[in-house]
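Below is one structure, written out as structure tokens, with a few remarks after it.
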Amino acid sequence: MSFKVTIELKHVQPTSSGKRYRRRIPKDLQTTGASPWFLRPLGSTDAEVIHNHPKVEKEYLQYVDALRGWNPSSASSSGTVKASGDNTALQRHLGLKEHLRSLGFTTEGYVSEPEAAARDAEADALLSGYPQDHQGNYVGLPDHVYQKAKGLIGGLPEAPGATMGDALASYIETKGLRRDPSSKARLRSVERTVGFVSEALGFDPELRGLKRQEARSVVEYMQGSLGMKAATCSRYLNDLRAVFNHGCAEFDLIRQTPNPFLGLNPKADRISAKIEKRQPLTTSEIDAVTRSE
């Protein structure tokens, strides 16, 4: 007896050459002039579609996170991680990469002369509404406009490393913490926990470069500056381990990046109660007690 197994993949659309991934970009993240759809080819055979679907699904989630990073109001001027919507370098890079793709431009490798001319024209149109000084330099450019123009003219730089902020954003999206109303407390807790890292270190560290001593500094900050009890600190450390491990898995760093929070324990709480020192009874006192009985 044989059984037929049916695998249902979401957001798959047939095309003339096979199948593609087609999923709408959230309405609040759509931009004027760009397609509201995220489109990627999946392959011409069922095996290729099944193999490529998880990778493309992951790329879509990262892209949505990157688009949220383009919102200037969500950026943190101090560089600390206060929420998963903060504008990390990787999110900006992914957003720029997808912007170039939406315009039909290549994001790596050789750029033909016709494409180079089209990119220059697109950059000129992007910058046309901004004033220039007497030397021809643009004045008052928002950072995201500057980065788009730079990407159009000079191409994409090497992708920056994933940070704790990126790991947090991916963790929240994967766990669905924003979509589930019952997870609000959990969402606030994990955002607050990862925020302690950048508060302690003064920056949002890359996963690959986060050192053991820096992890110790986070623990010292929580127990020292924030006055946390050891038990509370241990609970937060569990969250940091989970977010770090998730980020390494999602950004393909798990085999090369040990978790600096693993095996790291807070110092035990000091016992504040005073211990009364008692002197031993003398021989005469013992005799007096014995005779009274």
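So you can find residues: chains in the structure tokens are A, B, ... in the order shown, residues in each start at 1, and ligands are numbered from 1 in order.
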| message | Taking 3 positions as the minimum chain separation for residues in the same chain, which residues sit within 10 Å of region 97-101 of chain A when counting only C-alpha atoms? Answer as number ranges by chain. | response | A: 31, 34, 38, 63, 66-67, 91-94, 104-108, 119, 148, 151-152, 155-157, 159
| request: Could you pull out the residues in region 1-249 of chain A that DSSP calls strand (DSSP E) from the backbone, as a count of residues only? | output: 18
| query | Hey, which of A:Pro258, A:Ser284, A:Tyr221, A:Ser17 ends up closest to Glu199 (chain A)? Count only C-alpha atoms. | reply |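 Among the listed residues, the smallest separation from Glu199 (chain A) belongs to A:Tyr221.
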| request: Tell me, in Å to one decimal, how far CA of Ala149 (chain A) is from CA of Ala162 (chain A). | output: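 Between CA of Ala149 (chain A) and CA of Ala162 (chain A) the gap works out to 23.4 Å.
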| message | For a test of reading the model, state the distance in Å between CA of Met222 (chain A) and CA of Gly176 (chain A), rounded to one decimal. | response | 27.2 Å
| said: Nearest residue to Lys184 (chain A) out of A:Met164, A:Glu206, A:Ile172, A:Gly224, using only C-alpha atoms? | reply: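 That would be A:Ile172, the residue with the smallest distance to Lys184 (chain A).
Relative to CA of Glu59 (chain A), CA of Arg22 (chain A) is found at 12.3 Å.
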